Structure formats: structure tokens, C-alpha cells
file data_34.pdb (PDB, C-alpha atoms)
ATOM      1  CA  MET A   1      16.943   1.733 -39.093
ATOM      2  CA  SER A   2      14.952  -0.055 -36.391
ATOM      3  CA  SER A   3      13.878  -3.661 -35.996
ATOM      4  CA  LEU A   4      12.241  -5.801 -33.327
ATOM      5  CA  ILE A   5      13.510  -8.501 -31.002
ATOM      6  CA  LEU A   6      10.854 -10.888 -29.731
ATOM      7  CA  LEU A   7      11.725 -12.894 -26.627
ATOM      8  CA  ARG A   8       8.767 -15.240 -26.689
ATOM      9  CA  ARG A   9       7.475 -16.874 -23.526
ATOM     10  CA  LEU A  10      10.284 -16.443 -21.039
ATOM     11  CA  ARG A  11       9.605 -18.650 -18.036
ATOM     12  CA  VAL A  12      10.991 -16.962 -14.922
ATOM     13  CA  GLU A  13      11.122 -18.508 -11.460
ATOM     14  CA  ASN A  14      11.320 -16.659  -8.129
ATOM     15  CA  ALA A  15      10.925 -13.186  -9.588
ATOM     16  CA  ASN A  16      10.375 -10.245  -7.247
ATOM     17  CA  ALA A  17       6.628  -9.665  -6.707
ATOM     18  CA  ILE A  18       6.971  -6.540  -4.527
ATOM     19  CA  ALA A  19       7.449  -3.127  -6.108
ATOM     20  CA  GLY A  20       7.452  -0.369  -3.510
ATOM     21  CA  LEU A  21       3.902  -0.036  -2.157
ATOM     22  CA  THR A  22       2.509  -2.421  -4.776
ATOM     23  CA  TRP A  23       2.701  -6.167  -5.107
ATOM     24  CA  GLY A  24       1.623  -8.815  -7.601
ATOM     25  CA  PHE A  25       3.949  -8.056 -10.524
ATOM     26  CA  PRO A  26       7.500  -6.716 -10.905
ATOM     27  CA  ALA A  27       8.078  -3.005 -11.428
ATOM     28  CA  LEU A  28       8.647  -1.655 -14.936
ATOM     29  CA  THR A  29      12.179  -0.754 -13.904
ATOM     30  CA  HIS A  30      13.023  -4.482 -13.841
ATOM     31  CA  PHE A  31      12.068  -5.002 -17.482
ATOM     32  CA  LEU A  32      13.732  -1.837 -18.758
ATOM     33  CA  GLY A  33      16.785  -2.693 -16.669
ATOM     34  CA  PHE A  34      16.911  -6.113 -18.330
ATOM     35  CA  THR A  35      16.628  -4.395 -21.721
ATOM     36  CA  HIS A  36      19.434  -1.993 -20.795
ATOM     37  CA  ALA A  37      21.699  -4.862 -19.718
ATOM     38  CA  LEU A  38      21.139  -6.572 -23.070
ATOM     39  CA  SER A  39      21.712  -3.294 -24.881
ATOM     40  CA  ARG A  40      25.126  -2.799 -23.298
ATOM     41  CA  LYS A  41      26.237  -6.245 -24.413
ATOM     42  CA  LEU A  42      24.873  -5.875 -27.961
ATOM     43  CA  THR A  43      26.441  -2.440 -28.316
ATOM     44  CA  GLN A  44      29.858  -3.986 -27.742
ATOM     45  CA  SER A  45      29.350  -7.028 -29.989
ATOM     46  CA  HIS A  46      26.996  -5.772 -32.749
ATOM     47  CA  GLY A  47      26.883  -1.984 -32.482
ATOM     48  CA  LEU A  48      23.138  -2.049 -31.722
ATOM     49  CA  ARG A  49      21.086  -0.135 -29.152
ATOM     50  CA  LEU A  50      17.889  -1.348 -27.496
ATOM     51  CA  ASP A  51      15.285   1.290 -26.587
ATOM     52  CA  GLY A  52      11.605   0.505 -26.057
ATOM     53  CA  CYS A  53      10.280  -2.602 -24.348
ATOM     54  CA  ALA A  54       6.736  -4.023 -24.321
ATOM     55  CA  VAL A  55       5.697  -6.499 -21.609
ATOM     56  CA  VAL A  56       3.174  -9.265 -22.341
ATOM     57  CA  CYS A  57       2.102 -11.538 -19.489
ATOM     58  CA  HIS A  58       0.885 -15.052 -20.279
ATOM     59  CA  GLN A  59       0.859 -16.649 -16.837
ATOM     60  CA  HIS A  60       1.786 -15.777 -13.267
ATOM     61  CA  GLN A  61       1.799 -17.537  -9.918
ATOM     62  CA  ILE A  62       2.415 -15.529  -6.760
ATOM     63  CA  HIS A  63       3.896 -17.390  -3.796
ATOM     64  CA  ALA A  64       1.204 -16.440  -1.315
ATOM     65  CA  HIS A  65      -1.638 -18.044   0.597
ATOM     66  CA  SER A  66      -4.931 -16.591   1.727
ATOM     67  CA  SER A  67      -7.335 -17.128   4.581
ATOM     68  CA  GLY A  68     -10.169 -16.037   2.310
ATOM     69  CA  ARG A  69      -9.610 -12.314   2.624
ATOM     70  CA  ASP A  70      -6.040 -11.323   3.466
ATOM     71  CA  TYR A  71      -2.989 -12.591   1.618
ATOM     72  CA  GLN A  72       0.361 -13.525   3.100
ATOM     73  CA  PHE A  73       3.545 -14.316   1.220
ATOM     74  CA  ALA A  74       4.885 -17.858   1.475
ATOM     75  CA  LEU A  75       8.321 -17.210   2.986
ATOM     76  CA  THR A  76      11.325 -19.480   3.215
ATOM     77  CA  ARG A  77      12.248 -21.056   6.531
ATOM     78  CA  ASN A  78      15.703 -19.831   7.545
ATOM     79  CA  PRO A  79      18.059 -21.790   9.851
ATOM     80  CA  LEU A  80      17.893 -21.044  13.556
ATOM     81  CA  THR A  81      20.516 -18.956  15.317
ATOM     82  CA  ARG A  82      23.060 -20.402  17.735
ATOM     83  CA  GLU A  83      20.654 -19.650  20.567
ATOM     84  CA  GLY A  84      17.965 -21.720  18.865
ATOM     85  CA  LYS A  85      15.846 -18.688  17.981
ATOM     86  CA  THR A  86      14.348 -17.680  14.648
ATOM     87  CA  ALA A  87      16.716 -15.402  12.767
ATOM     88  CA  SER A  88      15.443 -11.996  11.664
ATOM     89  CA  PHE A  89      14.830 -11.540   7.948
ATOM     90  CA  ASN A  90      13.231  -9.190   5.452
ATOM     91  CA  GLU A  91       9.925 -10.276   3.972
ATOM     92  CA  GLU A  92      10.317 -11.173   0.298
ATOM     93  CA  GLY A  93       7.505 -11.690  -2.167
ATOM     94  CA  ARG A  94       8.273 -14.129  -4.957
ATOM     95  CA  MET A  95       6.420 -15.315  -8.026
ATOM     96  CA  HIS A  96       6.741 -17.484 -11.112
ATOM     97  CA  MET A  97       5.750 -15.874 -14.399
ATOM     98  CA  THR A  98       5.732 -16.457 -18.127
ATOM     99  CA  VAL A  99       6.178 -13.269 -20.141
ATOM    100  CA  SER A 100       7.081 -12.174 -23.650
ATOM    101  CA  LEU A 101       9.244  -9.114 -24.247
ATOM    102  CA  LEU A 102       9.064  -7.142 -27.470
ATOM    103  CA  ILE A 103      12.159  -4.923 -27.694
ATOM    104  CA  GLU A 104      12.883  -2.122 -30.126
ATOM    105  CA  CYS A 105      16.344  -2.418 -31.675
ATOM    106  CA  GLN A 106      18.108   0.610 -33.179
ATOM    107  CA  GLY A 107      20.927   0.149 -35.673
ATOM    108  CA  GLU A 108      21.703  -1.725 -38.843
ATOM    109  CA  ILE A 109      21.916  -5.513 -38.709
ATOM    110  CA  ALA A 110      24.416  -6.685 -41.298
ATOM    111  CA  ASN A 111      23.786  -9.548 -43.765
ATOM    112  CA  GLY A 112      19.987  -9.320 -43.772
ATOM    113  CA  GLU A 113      18.176 -12.465 -42.663
ATOM    114  CA  TYR A 114      21.451 -14.267 -41.928
ATOM    115  CA  GLY A 115      22.476 -11.451 -39.603
ATOM    116  CA  GLN A 116      19.100 -11.599 -37.856
ATOM    117  CA  ARG A 117      19.551 -15.346 -37.264
ATOM    118  CA  ASP A 118      23.063 -14.819 -35.894
ATOM    119  CA  LEU A 119      21.737 -12.114 -33.555
ATOM    120  CA  ALA A 120      18.959 -14.430 -32.353
ATOM    121  CA  ASP A 121      21.549 -17.158 -31.653
ATOM    122  CA  ARG A 122      23.635 -14.673 -29.687
ATOM    123  CA  LEU A 123      20.596 -13.666 -27.626
ATOM    124  CA  ARG A 124      19.904 -17.330 -26.842
ATOM    125  CA  GLN A 125      23.312 -17.418 -25.213
ATOM    126  CA  LEU A 126      23.014 -14.083 -23.392
ATOM    127  CA  CYS A 127      19.484 -14.140 -21.958
ATOM    128  CA  PRO A 128      19.847 -17.192 -19.667
ATOM    129  CA  THR A 129      22.914 -15.573 -18.080
ATOM    130  CA  LEU A 130      20.888 -12.550 -16.914
ATOM    131  CA  ARG A 131      18.261 -12.251 -14.218
ATOM    132  CA  LEU A 132      14.825 -10.801 -14.892
ATOM    133  CA  ALA A 133      13.238  -9.057 -11.882
ATOM    134  CA  GLY A 134      15.636 -10.963  -9.650
ATOM    135  CA  GLY A 135      14.354 -14.295 -10.975
ATOM    136  CA  ILE A 136      16.065 -16.997 -12.992
ATOM    137  CA  ILE A 137      15.155 -17.490 -16.656
ATOM    138  CA  VAL A 138      14.675 -21.250 -16.868
ATOM    139  CA  ASP A 139      13.240 -21.495 -20.377
ATOM    140  CA  ILE A 140      12.737 -19.416 -23.534
ATOM    141  CA  GLN A 141      10.341 -20.813 -26.096
ATOM    142  CA  ASP A 142      11.696 -18.795 -29.010
ATOM    143  CA  ILE A 143      13.836 -15.769 -29.875
ATOM    144  CA  SER A 144      13.417 -14.022 -33.198
ATOM    145  CA  VAL A 145      14.613 -10.799 -34.824
ATOM    146  CA  LEU A 146      12.000  -9.183 -37.045
ATOM    147  CA  ASP A 147      11.588  -6.187 -39.298
ATOM    148  CA  MET A 148       9.396  -3.397 -37.957
ATOM    149  CA  PRO A 149       5.816  -4.005 -39.213
ATOM    150  CA  THR A 150       4.693  -1.462 -41.772
ATOM    151  CA  THR A 151       1.184  -2.701 -42.555
ATOM    152  CA  LYS A 152      -1.808  -3.749 -40.487
ATOM    153  CA  ASN A 153      -1.485  -7.361 -41.661
ATOM    154  CA  GLU A 154       2.127  -7.524 -40.483
ATOM    155  CA  LEU A 155       1.098  -6.090 -37.114
ATOM    156  CA  CYS A 156      -1.666  -8.687 -36.798
ATOM    157  CA  ARG A 157       0.786 -11.507 -37.521
ATOM    158  CA  LEU A 158       3.093 -10.170 -34.814
ATOM    159  CA  GLN A 159       0.207  -9.978 -32.338
ATOM    160  CA  TRP A 160      -0.796 -13.536 -33.177
ATOM    161  CA  ARG A 161       2.689 -14.779 -32.266
ATOM    162  CA  MET A 162       2.341 -13.330 -28.747
ATOM    163  CA  MET A 163      -1.229 -14.498 -28.070
ATOM    164  CA  PRO A 164      -2.817 -15.372 -25.738
ATOM    165  CA  GLY A 165      -1.644 -12.706 -23.341
ATOM    166  CA  PHE A 166      -2.194  -9.280 -21.867
ATOM    167  CA  VAL A 167       0.076  -6.330 -22.564
ATOM    168  CA  LEU A 168       0.765  -3.535 -20.075
ATOM    169  CA  ARG A 169      -0.024   0.024 -21.200
ATOM    170  CA  ASP A 170       0.780   3.335 -19.527
ATOM    171  CA  ARG A 171      -2.333   5.137 -18.241
ATOM    172  CA  SER A 172      -0.669   7.773 -16.094
ATOM    173  CA  ALA A 173      -2.362  10.447 -18.201
ATOM    174  CA  TRP A 174      -5.659   9.289 -16.671
ATOM    175  CA  LEU A 175      -4.152   9.863 -13.232
ATOM    176  CA  THR A 176      -3.491  13.498 -14.091
ATOM    177  CA  GLN A 177      -6.997  13.949 -15.512
ATOM    178  CA  HIS A 178      -8.644  12.385 -12.462
ATOM    179  CA  HIS A 179      -6.596  14.574 -10.141
ATOM    180  CA  GLN A 180      -7.800  17.691 -11.940
ATOM    181  CA  ALA A 181     -11.387  16.462 -11.613
ATOM    182  CA  LEU A 182     -10.937  15.916  -7.862
ATOM    183  CA  LEU A 183      -9.596  19.446  -7.417
ATOM    184  CA  GLU A 184     -12.876  20.869  -8.713
ATOM    185  CA  TYR A 185     -14.712  19.350  -5.735
ATOM    186  CA  ASP A 186     -11.906  19.349  -3.169
ATOM    187  CA  PRO A 187      -9.076  21.887  -3.533
ATOM    188  CA  GLN A 188      -7.088  19.914  -0.935
ATOM    189  CA  ALA A 189      -7.079  16.694  -2.999
ATOM    190  CA  THR A 190      -3.615  15.318  -3.754
ATOM    191  CA  LEU A 191      -2.180  13.018  -6.383
ATOM    192  CA  LEU A 192      -2.118  10.300  -3.730
ATOM    193  CA  ASP A 193      -5.912  10.578  -3.363
ATOM    194  CA  ALA A 194      -6.291  10.235  -7.127
ATOM    195  CA  TRP A 195      -3.891   7.276  -7.233
ATOM    196  CA  LEU A 196      -5.757   5.469  -4.454
ATOM    197  CA  ASP A 197      -8.987   5.779  -6.439
ATOM    198  CA  PHE A 198      -7.308   3.664  -9.117
ATOM    199  CA  SER A 199      -5.616   1.182  -6.783
ATOM    200  CA  ALA A 200      -7.945   0.706  -3.788
ATOM    201  CA  LEU A 201     -11.080  -1.454  -3.680
ATOM    202  CA  LYS A 202     -13.867   0.686  -2.233
ATOM    203  CA  MET A 203     -17.370  -0.197  -1.035
ATOM    204  CA  GLN A 204     -20.213   2.255  -0.475
ATOM    205  CA  ALA A 205     -23.623   1.911   1.147
ATOM    206  CA  GLU A 206     -26.628   2.804  -0.978
ATOM    207  CA  THR A 207     -28.660   5.794   0.127
ATOM    208  CA  PRO A 208     -32.427   5.112  -0.037
ATOM    209  CA  GLU A 209     -34.438   7.367  -2.322
ATOM    210  CA  GLU A 210     -37.099   7.821   0.316
ATOM    211  CA  GLY A 211     -36.659   8.074   4.059
ATOM    212  CA  GLU A 212     -33.475   7.790   6.055
ATOM    213  CA  ILE A 213     -31.394   4.881   7.256
ATOM    214  CA  GLN A 214     -31.955   4.160  10.922
ATOM    215  CA  GLU A 215     -29.213   2.860  13.169
ATOM    216  CA  GLY A 216     -29.147  -0.932  13.212
ATOM    217  CA  GLU A 217     -30.925  -1.376   9.873
ATOM    218  CA  PRO A 218     -29.125  -3.462   7.233
ATOM    219  CA  ALA A 219     -27.594  -1.533   4.362
ATOM    220  CA  ASN A 220     -27.075  -2.492   0.755
ATOM    221  CA  TRP A 221     -23.435  -2.220  -0.228
ATOM    222  CA  HIS A 222     -22.015  -1.953  -3.720
ATOM    223  CA  ARG A 223     -18.541  -1.683  -5.170
ATOM    224  CA  VAL A 224     -17.369   1.780  -6.190
ATOM    225  CA  PRO A 225     -16.108   1.638  -9.801
ATOM    226  CA  LYS A 226     -12.699   3.009 -10.701
ATOM    227  CA  PRO A 227     -12.463   6.391 -12.435
ATOM    228  CA  LYS A 228     -11.873   4.740 -15.832
ATOM    229  CA  PRO A 229     -12.886   1.384 -17.316
ATOM    230  CA  GLY A 230     -10.415  -1.425 -17.886
ATOM    231  CA  TYR A 231      -8.121  -3.670 -15.861
ATOM    232  CA  LEU A 232      -6.298  -0.805 -14.154
ATOM    233  CA  VAL A 233      -3.435  -1.446 -11.729
ATOM    234  CA  PRO A 234      -1.049   0.716  -9.679
ATOM    235  CA  LEU A 235       2.526   0.659 -10.924
ATOM    236  CA  MET A 236       5.959   1.594  -9.714
ATOM    237  CA  THR A 237       7.482   3.467 -12.645
ATOM    238  CA  GLY A 238      10.837   4.862 -11.536
ATOM    239  CA  TYR A 239      12.807   6.717  -8.892
ATOM    240  CA  GLN A 240      12.806  10.340  -7.766
ATOM    241  CA  ARG A 241      15.773  12.030  -6.090
ATOM    242  CA  ILE A 242      15.017  13.349  -2.577
ATOM    243  CA  SER A 243      18.464  14.608  -1.599
ATOM    244  CA  GLU A 244      21.323  16.551  -3.071
ATOM    245  CA  LEU A 245      23.841  14.814  -5.305
ATOM    246  CA  TYR A 246      26.807  13.813  -3.164
ATOM    247  CA  PRO A 247      30.296  13.427  -4.660
ATOM    248  CA  PRO A 248      31.781   9.939  -5.034
ATOM    249  CA  GLY A 249      32.829   8.410  -1.716
ATOM    250  CA  ALA A 250      31.031  11.025   0.417
ATOM    251  CA  VAL A 251      28.349   8.572   1.620
ATOM    252  CA  ALA A 252      29.540   5.645   3.704
ATOM    253  CA  ASN A 253      28.719   2.063   2.696
ATOM    254  CA  ALA A 254      27.624   2.993  -0.826
ATOM    255  CA  ARG A 255      27.933   0.229  -3.403
ATOM    256  CA  ASP A 256      30.065   2.261  -5.784
ATOM    257  CA  GLU A 257      32.610   4.765  -4.493
ATOM    258  CA  GLN A 258      33.403   6.009  -8.019
ATOM    259  CA  THR A 259      29.902   7.311  -8.828
ATOM    260  CA  PRO A 260      27.991  10.320  -7.390
ATOM    261  CA  PHE A 261      25.316   9.297  -4.875
ATOM    262  CA  ALA A 262      21.781  10.496  -4.094
ATOM    263  CA  PHE A 263      18.950   9.188  -1.925
ATOM    264  CA  THR A 264      15.768   8.370  -3.848
ATOM    265  CA  GLU A 265      12.171   7.273  -3.414
ATOM    266  CA  ALA A 266       9.863   5.285  -5.665
ATOM    267  CA  VAL A 267       7.614   6.928  -8.248
ATOM    268  CA  TYR A 268       4.161   5.513  -8.993
ATOM    269  CA  GLY A 269       1.722   5.655 -11.872
ATOM    270  CA  VAL A 270      -1.225   3.762 -13.339
ATOM    271  CA  GLY A 271      -1.196   0.995 -15.943
ATOM    272  CA  GLU A 272      -3.745  -1.090 -17.796
ATOM    273  CA  TRP A 273      -3.572  -4.755 -18.740
ATOM    274  CA  CYS A 274      -5.035  -4.873 -22.219
ATOM    275  CA  GLY A 275      -5.750  -7.737 -24.602
ATOM    276  CA  LEU A 276      -3.268  -7.913 -27.469
ATOM    277  CA  HIS A 277      -6.076  -7.878 -30.027
ATOM    278  CA  ARG A 278      -6.963  -4.324 -28.955
ATOM    279  CA  ILE A 279      -3.577  -2.859 -29.871
ATOM    280  CA  GLN A 280      -3.602  -0.646 -32.966
ATOM    281  CA  SER A 281       0.043   0.498 -32.888
ATOM    282  CA  LEU A 282       3.250  -0.689 -31.251
ATOM    283  CA  GLU A 283       3.823   2.804 -29.878
ATOM    284  CA  GLU A 284       0.892   2.189 -27.527
ATOM    285  CA  ILE A 285       2.719  -0.587 -25.679
ATOM    286  CA  PHE A 286       6.390   0.442 -25.708
ATOM    287  CA  TRP A 287       7.870   1.656 -22.420
ATOM    288  CA  ARG A 288      10.960   3.875 -22.514
ATOM    289  CA  TYR A 289      13.237   5.654 -20.074
ATOM    290  CA  ARG A 290      12.853   9.378 -19.502
ATOM    291  CA  THR A 291      15.572  10.955 -17.394
ATOM    292  CA  THR A 292      15.705  14.368 -15.749
ATOM    293  CA  GLU A 293      18.020  16.050 -13.264
ATOM    294  CA  THR A 294      15.911  14.730 -10.398
ATOM    295  CA  GLY A 295      15.139  11.145 -11.426
ATOM    296  CA  TYR A 296      14.409   8.604 -14.098
ATOM    297  CA  TYR A 297      11.025   7.323 -15.141
ATOM    298  CA  CYS A 298       9.511   4.520 -17.213
ATOM    299  CA  GLN A 299       6.890   6.009 -19.504
ATOM    300  CA  GLY A 300       4.695   4.859 -22.350
ATOM    301  CA  ALA A 301       3.105   6.675 -25.247
ATOM    302  CA  GLY A 302       0.999   9.676 -24.287
ATOM    303  CA  ALA A 303       2.286   9.862 -20.714
ATOM    304  CA  PRO A 304       2.469  13.351 -19.170
ATOM    305  CA  LEU A 305       5.762  14.881 -18.094
ATOM    306  CA  ALA A 306       7.148  13.093 -15.077
ATOM    307  CA  THR A 307       6.969  16.205 -12.907
ATOM    308  CA  GLU A 308       3.219  16.425 -13.530
ATOM    309  CA  TYR A 309       2.163  13.140 -11.989
ATOM    310  CA  HIS A 310       4.871  11.528  -9.862
ATOM    311  CA  LEU A 311       3.962  10.504  -6.338
TER     312      LEU A 311
END
call {"tool": "encode", "arguments": {"input": "data_34.pdb", "output": "C-alpha cells"}}
result
Amino acid sequence: MSSLILLRRLRVENANAIAGLTWGFPALTHFLGFTHALSRKLTQSHGLRLDGCAVVCHQHQIHAHSSGRDYQFALTRNPLTREGKTASFNEEGRMHMTVSLLIECQGEIANGEYGQRDLADRLRQLCPTLRLAGGIIVDIQDISVLDMPTTKNELCRLQWRMMPGFVLRDRSAWLTQHHQALLEYDPQATLLDAWLDFSALKMQAETPEEGEIQEGEPANWHRVPKPKPGYLVPLMTGYQRISELYPPGAVANARDEQTPFAFTEAVYGVGEWCGLHRIQSLEEIFWRYRTTETGYYCQGAGAPLATEYHL
């Protein structure tokens, strides 16, 4: 028996805004990692397991400033060294955000509505002790445990509780389709070329219908649309193993000497920020782990196999 946990309007400060090659919003691995951390605690105390997680963004503020074109992160000023020089540091992108998390809960909650209230009270104690995307949870407007909606009216009431906001959907299937279309014109096209068509902002000069453009003449430029409509964004969606699996303790300076070790690289996909009123089913917005022998991936409904589209 499954139910839903709604963490409504979590206000997070100083969350990580850099995800591999992308920036502007935390990677999906942060949110599923937060869900997994909660699941481990609830498994011990209530015998429940948390699976899918939907991410709804209400507000975000990236710590960056712009000169009108390029953006630079607003970094902290570290103390000087003993020689009076600026100490070296790694660039960190931070942001404030307000998000709602809709989490799928597997297992039976005892005592009906009273058990749901007790579980919500327990989550109010647990959530502030965890970090979300490296940031601190400073406020939670409401936590509720709900039955899985079975009718359209119940789904609409659930959507209303999370509005206004935009929910993140998995569109990696479009990446695969666009790659196949590119191969028809260019057999050398790669998945990276297809991914850049979704993530890069491209401009193109118009070709006149009559005559030719002469050197020095002004050209009319227009923005090249993305392969699909919608608010499409590049996403980091997991990790792919790039080395053999080493036995515990074989690699120096590893965090855990009791666990096998492997070197990995980030995996990327495509997502779409979609208005909540456009959602017809919760399966459209749930993200879940998919693990293989070579990596683990965050995937939504309708996503292709990880080996078909990872970058």
C-alpha cells in the first residue's frame, strides 16, 4: 500500500547551484539522496520505504552578479594567508530556494489518520536535521501524509496545495529522438551535439531570399529555437563508472575503506519545468533511482534505458 508525503515549501539557504557542467539548480541526485536519507530513518522507526520524489520549485535566488551578459558567482572572502596573500579556494555556486517535495511512501501506516499525523510529526523533527543539496533547511511551511489520489478531483486538490510552482519532468527521451534525427543528416553527430542543442543558446543570421550577403553588410540575426517546445533545461542525472571496481582499501585516501571503490563521471539528460496545472498523472513527475552494474541514474516516467542516452 502506498501513500504520499508532502513537504510543502521548504526554504533552503546556501544550497549548491553547480551540478557538473550545469548551474542554476541542484542536481536530481541531491533530492533523491535526501529522500533516501529519510527513507533509511523511517525504515528503522516505522518500517516504511520512500521511493519516488517529485520536485516543485516556487522561488530561487542564485548568488551571482552580472555585467549585463556574463554571470559570476558571488564568492565568500576567505582570510589571508600568513604571507598576506589571498588563499586558494574552489569556486562554489550557492543559491537560496523554496521547493516542495512530493515523496512516494511504500508500506502500511498503522492507526489510519492518527498514524499519518504521528508520521508527519516525526518528519517535522527529522527534516531540519538533514541538509538538502548542501543547504540548510531553515523553514518548512507544512508537512502532511496523504492517501494516494485515485480520482481526478483528488489529484486537482493535491496540485492546488502545491501551487503556484513549476515541477521538473524528465525529457531525456527527447534527447534520444533528437540524436537519431541528427544522425540522418550527419552520421558523425554525437549525443553531446544533441544535448547542446537543448542547453545552448544559439543565434543564426538570416539568409536573404534574393541575392547574396556582401562582406560588411549588416545581417539580421534571430534565435534558433530548441528541438522541442517548453522550458527545457540541461540536467545532471546520475553517475557513470569509468574504472574497474577496486576492493575496499585499495585506493588511497578514499572516504570509506570498508566499501569497494570506483571512479565515476557525471551523467546528463534533459528536463522540462512544467506548470503544475498541466500534470495529468503523478507518474509524470516522479523521479526514481535506476541502478546498473556501471552506474546509477535518476529517471522519470518514459525515460529510455540509461545506456541509451547517458553522456
call {"tool": "resolve_selection", "arguments": {"input": "data_34.pdb", "expression": "the PyMOL selection byres ((chain A and resi 168) around 10)", "output": "ChimeraX atom specification"}}
result
/A:28,54-57,166-167,169-171,231-233,271-276,284-287,300
call {"tool": "closest_residue", "arguments": {"input": "data_34.pdb", "among": "A:Gly135, A:Gly47, A:Gly165, A:Gly269", "to": "A:Gln59", "atoms": "all atoms listed in the file"}}
result
A:Gly165
call {"tool": "resolve_selection", "arguments": {"input": "data_34.pdb", "expression": "the PyMOL selection byres ((chain A and resi 123) around 12)", "output": "NGL selection string"}}
result
:A and (5-8 or 35 or 37-39 or 41-42 or 45-46 or 116-122 or 124-130 or 140 or 142-145)
call {"tool": "atom_distance", "arguments": {"input": "data_34.pdb", "atom1": "atom CA of A:Thr22", "atom2": "atom CA of A:Cys298"}}
result
15.9 Å
call {"tool": "residues_around", "arguments": {"input": "data_34.pdb", "residues": "stretch 9-18 of chain A", "least_positions_apart": "2", "cutoff": "9 Å", "atoms": "only C-alpha atoms", "output": "ChimeraX atom specification"}}
result
/A:7,20-27,56-58,62-63,92-101,131-142,162
call {"tool": "residues_around", "arguments": {"input": "data_34.pdb", "residues": "A:Asp147", "least_positions_apart": "4", "cutoff": "9 Å", "atoms": "only C-alpha atoms", "output": "ChimeraX atom specification"}}
result
/A:2-5
call {"tool": "atom_distance", "arguments": {"input": "data_34.pdb", "atom1": "atom CA of A:Arg40", "atom2": "atom CA of A:Ile109"}}
result
16.0 Å
call {"tool": "residues_near_point", "arguments": {"input": "data_34.pdb", "point": "(-13.0, -2.4, -12.6)", "cutoff": "12 Å", "atoms": "only C-alpha atoms", "output": "number ranges by chain"}}
result
A: 197-202, 223-233, 272-273
call {"tool": "atom_distance", "arguments": {"input": "data_34.pdb", "atom1": "atom CA of A:Glu154", "atom2": "atom CA of A:Leu48"}}
result
23.4 Å
call {"tool": "axis_aligned_box", "arguments": {"input": "data_34.pdb", "around": "stretch 282-287 of chain A", "padding_each_side": "6 Å", "output": "lines of an AutoDock Vina configuration file"}}
result
center_x = 4.4
center_y = 1.1
center_z = -26.8
size_x = 19.0
size_y = 15.5
size_z = 20.8
call {"tool": "residues_near_point", "arguments": {"input": "data_34.pdb", "point": "(11.1, 12.5, -0.8)", "cutoff": "7 Å", "atoms": "only C-alpha atoms", "output": "VMD selection string"}}
result
chain A and resid 242 264 to 265
call {"tool": "resolve_selection", "arguments": {"input": "data_34.pdb", "expression": "the PyMOL selection byres ((chain A and resi 192) around 12)", "output": "ChimeraX atom specification"}}
result
/A:175-176,178-179,182,188-191,193-200,234,267-270,309-311
call {"tool": "closest_residue", "arguments": {"input": "data_34.pdb", "among": "A:Gln106, A:Gln299, A:Thr43, A:Gln61", "to": "A:Met236", "atoms": "only C-alpha atoms"}}
result
A:Gln299
